[in-house]
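What follows is one structure encoded as structure tokens, with my remarks underneath.
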Amino acid sequence: MLKLQDINKSYTTGDFTQQALIDVNLEFRKNEFVAILGPSGSGKTTLLNIIGGLDKYDSGDLIINNKSTKKFKTTEWDAYRNNSIGFIFQSYNLINHISILDNVEMGMTLSGVSASKRKAKALEVLEKVGLKEHAHKRPNQLSGGQMQRVAIARALANDPDIILADEPTGALDSNTSVQIMELIKEIAKDKLVIMVTHNADLAHTYANRIVEFKDGKLISDSNPINKGVNQKEKYNLKKTSMNFLTALKLSFNNIRTKKGRTLLTAFASSIGIIGIALILSLSNGFDIEIDKFERETLSSMPIMITEQAMEMTEDMINSMSENNKMEEYIKEEVIYPQKPVTEQMLHTNVINQDYIDYVEKIDSNLLAGISYTRATAINIITKINGVYKPLSLSITDLTSIPKKMNTKTNGVIEDNYDILLGKLPTEKDELLIILDSKNRISTKILEAFDIDITQEKISFNDLIGKELKLVFNDEYYKQMGSFFTLNTDYESQYNSDKALTLKVVGIARGKEDKKALTANASGLSYTEELVDYIISINKDSKIVEAQINANYNVLTGEQFGNTEEGTNTKDTLISFLGGNGIPMVISLYPVDFDSKEKVINYLDKYNDGKELEDQILYTDLGDIISSLSGSIMDAITIVLIAFSAISLIVSSIMIGIITYISVLERTKEIGVLRALGARKKDITRVFNAETFIIGLCSGLIGIFIGWLLTFPANVIIESLTELPNVAKLNPLHAIILIIISMALTMIGGFIPAKMAAKKDPVEALRTE
């Protein structure tokens, strides 16, 4: 069954070499109780460790069931210890942070025995040693004799072929020693029991074979096996395997004995997670607010096509890059000409009727509205305190209402404004008064409607129904030979049958949730139909006809000249007088962001195959603002996370230190597990499990505290920005951070875990 052939073993310390075993030849029967006697340093324990596979011999051979172990791999030695050997140690070597039952089950756990079978077997052997009722106690709740019985039960649990007992009664009183020896003698009836002891009386009383050692040599054997006797046994080893759940259980029970330290460690390592969780909560919240702002507000911002547009071509980018490479502060007395950047980037859009027709053919379902900003003058006469005079308003005070396109959705005004009184203008002669968020409007507009602006408050009803008169060119201008001048008879114009009466039909104010765009907007708005009507009449007016045929300004007499600039000036004046409907600006209001992409694609198709100067470029205001805000938020988030990540790195280093301390504290446990057949990877797994648990706790603590901090953060942010509940922790971010926490702690504990796996089991068992 077990045979040692010419076994030699030595230990070297510095320059000194100690010969522990010298040419030992020894063979054991399948069932016998062998006592190994000898003084300290005679090699007894070394022999036991070599038989048990804890220590390696230098030369010779250990033969197990006719199988040589010379070429045994580490995993085979582990399997041998787990399946064939049961250790009974003088100091018991129980794992203190798990129960008696778990200690007894450990060898079977490593063998892969199912939970139900190993529990039944463990209770069976505990009953055999008289400790079944103590199964759920911890080792420190038992007496010395009881702990030794647990050690015996653990040795028997996996039904090994060989029981190795190292001074099993060395730490017990005489009465308990007798009980233990009787138990071991009973075991020896059907197993090979090899016991190392100093006590010759116990050896001669209970053992049926006495082997004596001195100075590493076998000096006597009371019952040797006769040569020629062949003990045929089948060699079979089952490989051990500790799953991660078992490792987790071991580590969790160990952690439970150090709750305070574990909690502090987890909290300290969670600080980085707390910081990142809070940053991501704020970033996520602001992203949600930005997205909401984009979809509810920026979607209302138009795609604008203007006469002058900004462009950034590849050539311009390269040119700017080359300029940046130029040498600075040169000593040479020369000057390099440079075009203004805006001039380089400025693109002239030639908006003509063909392009307007192309734009108007766009799918109306994609647009909430479309508006044209024209240079056409709107000739309005007011009556203020009985005095008639022309209305002079700025471009911001007098604006057109975008024409509704998609009949299935709200128009631009309905989406962005609340009608406070009256209705939206639908006819060419209807006007809308728009108030800012504080219900204010320009005094010029109020005066135009003959309202007393010295009043502190003005009723809505005072404005509804108020009128202005729109006068067309042939009444507004009078001809004087080849020139024209303003007709100052404003009363007759005001009362003329040809004048169009404009009436206020509604009062509106920007919606509260759209205040970013509408809070400061106020003025007087008219329909697109009004401008179309004005152009349709004024284009045939005398002043327009005269201006088309003249090469000078018919109002001032100033010559235009034959230059391109002169032509542009003349065309601008004709547009001002209502001679054509070509707009300066086309504003397209997409229904939503998805529609906006389709509108942009439609506009881009117009430029396909055209030279750059013939292309029409547009400005997407919503995209510019959202890109800027998104880029700023991303930049801030990255910077803040980078700072918080430093604490995560520090946490990893700290976890490594804590794991290393745990390795030192659990050195004996490492030895016990190796004696029971645990592989090196199993030991690594135990400590990886410990860092896994700490990392999980750290992540959960970090996420929980980070989530709690969102509440005061929201209170502060709302007080500063009026944005409620901005900080919102995304569950996906929380899960990712927990995974990161576990990964970093396991990385931090990787080296200590590997160190634990490399510990010599014999040295580990000697650690106190």
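In the structure tokens, each chain is lettered A, B, ... as it comes, each chain's residues begin at 1, and ligands are numbered from 1 in order of appearance.
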Among the residues of region 687-768 of chain A, find those DSSP assigns to helix (DSSP H, G or I) from the backbone and print them as a ChimeraX atom specification.
/A:687-721,731-748,750-757,761-766
So that I can see what lies close to Leu617 (chain A), please list as a count of residues only the residues with an atom at most 7 Å from it, counting only C-alpha atoms and leaving out residues fewer than 6 positions away in the same chain.
3
With a distance cut-off of 12 Å and only C-alpha atoms, select the neighbouring residues of region 711-728 of chain A, excluding the residue or stretch itself and same-chain residues fewer than 4 positions from it, and output the selection as number ranges by chain.
A: 277-290, 292-293, 513, 703-707, 732-734
Residue selection dump (N, CA and C atoms) as an mmCIF file, in the first residue's frame:
data_model
loop_
_atom_site.group_PDB
_atom_site.id
_atom_site.type_symbol
_atom_site.label_atom_id
_atom_site.label_comp_id
_atom_site.auth_asym_id
_atom_site.auth_seq_id
_atom_site.Cartn_x
_atom_site.Cartn_y
_atom_site.Cartn_z
ATOM 1 N N ALA A 277 -20.043 58.248 -8.247
ATOM 2 C CA ALA A 277 -21.495 58.051 -8.285
ATOM 3 C C ALA A 277 -22.217 59.390 -8.253
ATOM 4 N N LEU A 278 -21.745 60.295 -7.390
ATOM 5 C CA LEU A 278 -22.380 61.620 -7.296
ATOM 6 C C LEU A 278 -22.164 62.415 -8.584
ATOM 7 N N ILE A 279 -20.940 62.334 -9.119
ATOM 8 C CA ILE A 279 -20.639 63.050 -10.373
ATOM 9 C C ILE A 279 -21.505 62.514 -11.513
ATOM 10 N N LEU A 280 -21.589 61.178 -11.602
ATOM 11 C CA LEU A 280 -22.402 60.581 -12.666
ATOM 12 C C LEU A 280 -23.880 60.891 -12.470
ATOM 13 N N SER A 281 -24.319 60.971 -11.200
ATOM 14 C CA SER A 281 -25.720 61.334 -10.929
ATOM 15 C C SER A 281 -26.007 62.734 -11.447
ATOM 16 N N LEU A 282 -25.093 63.661 -11.130
ATOM 17 C CA LEU A 282 -25.261 65.042 -11.600
ATOM 18 C C LEU A 282 -25.175 65.106 -13.122
ATOM 19 N N SER A 283 -24.169 64.407 -13.671
ATOM 20 C CA SER A 283 -23.991 64.411 -15.125
ATOM 21 C C SER A 283 -25.208 63.813 -15.815
ATOM 22 N N ASN A 284 -25.684 62.689 -15.260
ATOM 23 C CA ASN A 284 -26.864 62.036 -15.828
ATOM 24 C C ASN A 284 -28.076 62.956 -15.756
ATOM 25 N N GLY A 285 -28.231 63.613 -14.577
ATOM 26 C CA GLY A 285 -29.354 64.532 -14.409
ATOM 27 C C GLY A 285 -29.286 65.697 -15.372
ATOM 28 N N PHE A 286 -28.085 66.278 -15.496
ATOM 29 C CA PHE A 286 -27.931 67.402 -16.415
ATOM 30 C C PHE A 286 -28.122 66.952 -17.862
ATOM 31 N N ASP A 287 -27.654 65.734 -18.172
ATOM 32 C CA ASP A 287 -27.873 65.205 -19.524
ATOM 33 C C ASP A 287 -29.367 65.059 -19.815
ATOM 34 N N ILE A 288 -30.097 64.583 -18.780
ATOM 35 C CA ILE A 288 -31.550 64.448 -18.941
ATOM 36 C C ILE A 288 -32.181 65.822 -19.156
ATOM 37 N N GLU A 289 -31.711 66.810 -18.345
ATOM 38 C CA GLU A 289 -32.242 68.163 -18.492
ATOM 39 C C GLU A 289 -31.888 68.749 -19.862
ATOM 40 N N ILE A 290 -30.638 68.483 -20.305
ATOM 41 C CA ILE A 290 -30.223 68.970 -21.623
ATOM 42 C C ILE A 290 -31.056 68.307 -22.720
ATOM 43 N N LYS A 292 -34.000 67.035 -22.349
ATOM 44 C CA LYS A 292 -35.350 67.606 -22.250
ATOM 45 C C LYS A 292 -35.384 68.990 -22.890
ATOM 46 N N PHE A 293 -34.338 69.769 -22.589
ATOM 47 C CA PHE A 293 -34.227 71.112 -23.163
ATOM 48 C C PHE A 293 -34.157 71.035 -24.686
ATOM 49 N N ASP A 513 -42.022 76.293 -19.298
ATOM 50 C CA ASP A 513 -41.000 75.270 -19.540
ATOM 51 C C ASP A 513 -40.166 75.571 -20.788
ATOM 52 N N ILE A 703 -22.368 53.291 -3.650
ATOM 53 C CA ILE A 703 -23.577 53.619 -4.398
ATOM 54 C C ILE A 703 -24.667 54.136 -3.461
ATOM 55 N N PHE A 704 -24.804 53.493 -2.302
ATOM 56 C CA PHE A 704 -25.846 53.906 -1.351
ATOM 57 C C PHE A 704 -25.588 55.324 -0.843
ATOM 58 N N ILE A 705 -24.337 55.591 -0.421
ATOM 59 C CA ILE A 705 -24.017 56.935 0.091
ATOM 60 C C ILE A 705 -24.107 57.960 -1.041
ATOM 61 N N GLY A 706 -23.616 57.576 -2.235
ATOM 62 C CA GLY A 706 -23.717 58.475 -3.389
ATOM 63 C C GLY A 706 -25.165 58.822 -3.694
ATOM 64 N N TRP A 707 -26.043 57.811 -3.598
ATOM 65 C CA TRP A 707 -27.476 58.042 -3.832
ATOM 66 C C TRP A 707 -28.052 58.965 -2.756
ATOM 67 N N LEU A 732 -27.836 51.703 -14.371
ATOM 68 C CA LEU A 732 -26.756 51.078 -15.139
ATOM 69 C C LEU A 732 -25.404 51.575 -14.644
ATOM 70 N N HIS A 733 -25.304 52.906 -14.369
ATOM 71 C CA HIS A 733 -24.063 53.451 -13.818
ATOM 72 C C HIS A 733 -23.747 52.811 -12.476
ATOM 73 N N ALA A 734 -24.789 52.608 -11.652
ATOM 74 C CA ALA A 734 -24.597 52.001 -10.327
ATOM 75 C C ALA A 734 -24.022 50.599 -10.463
#
For a test of reading the model, state the distance in Å between CA of Ile507 (chain A) and CA of Gly386 (chain A), rounded to one decimal.
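Computed distance, CA of Ile507 (chain A) to CA of Gly386 (chain A), equals 25.1 Å.
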Which residues are near Leu737 (chain A)? Cut-off 12 Å, only C-alpha atoms, ignore same chain within fewer than 6 positions. Put them as an MDAnalysis selection string.
chainID A and resid 270:281 641 645 648 695:704 706 729:731 743:744
Would you mind listing what lies within 8 Å of Ser442 (chain A) as a list in words, with only C-alpha atoms counted and same-chain residues fewer than 2 positions away left out?
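Here the answer would be Asp397, Arg440, Lys444, Ile445, Leu446, Ser522 and Gly523 of chain A.
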What does the file look like for those residues with C-alpha atoms, as an mmCIF file, in the first residue's frame?
data_model
loop_
_atom_site.group_PDB
_atom_site.id
_atom_site.type_symbol
_atom_site.label_atom_id
_atom_site.label_comp_id
_atom_site.auth_asym_id
_atom_site.auth_seq_id
_atom_site.Cartn_x
_atom_site.Cartn_y
_atom_site.Cartn_z
ATOM 1 C CA ASP A 397 -40.384 94.527 -31.836
ATOM 2 C CA ARG A 440 -43.786 93.312 -20.041
ATOM 3 C CA LYS A 444 -43.305 102.054 -28.104
ATOM 4 C CA ILE A 445 -45.811 99.323 -28.918
ATOM 5 C CA LEU A 446 -48.163 100.470 -26.168
ATOM 6 C CA SER A 522 -41.837 90.338 -26.487
ATOM 7 C CA GLY A 523 -43.249 92.358 -29.346
#
9 Å contact set for region 475-479 of chain A, only C-alpha atoms, chain neighbours under 4 positions out, as a ChimeraX atom specification
/A:379,471,483-490,493,496,498-499,542-543
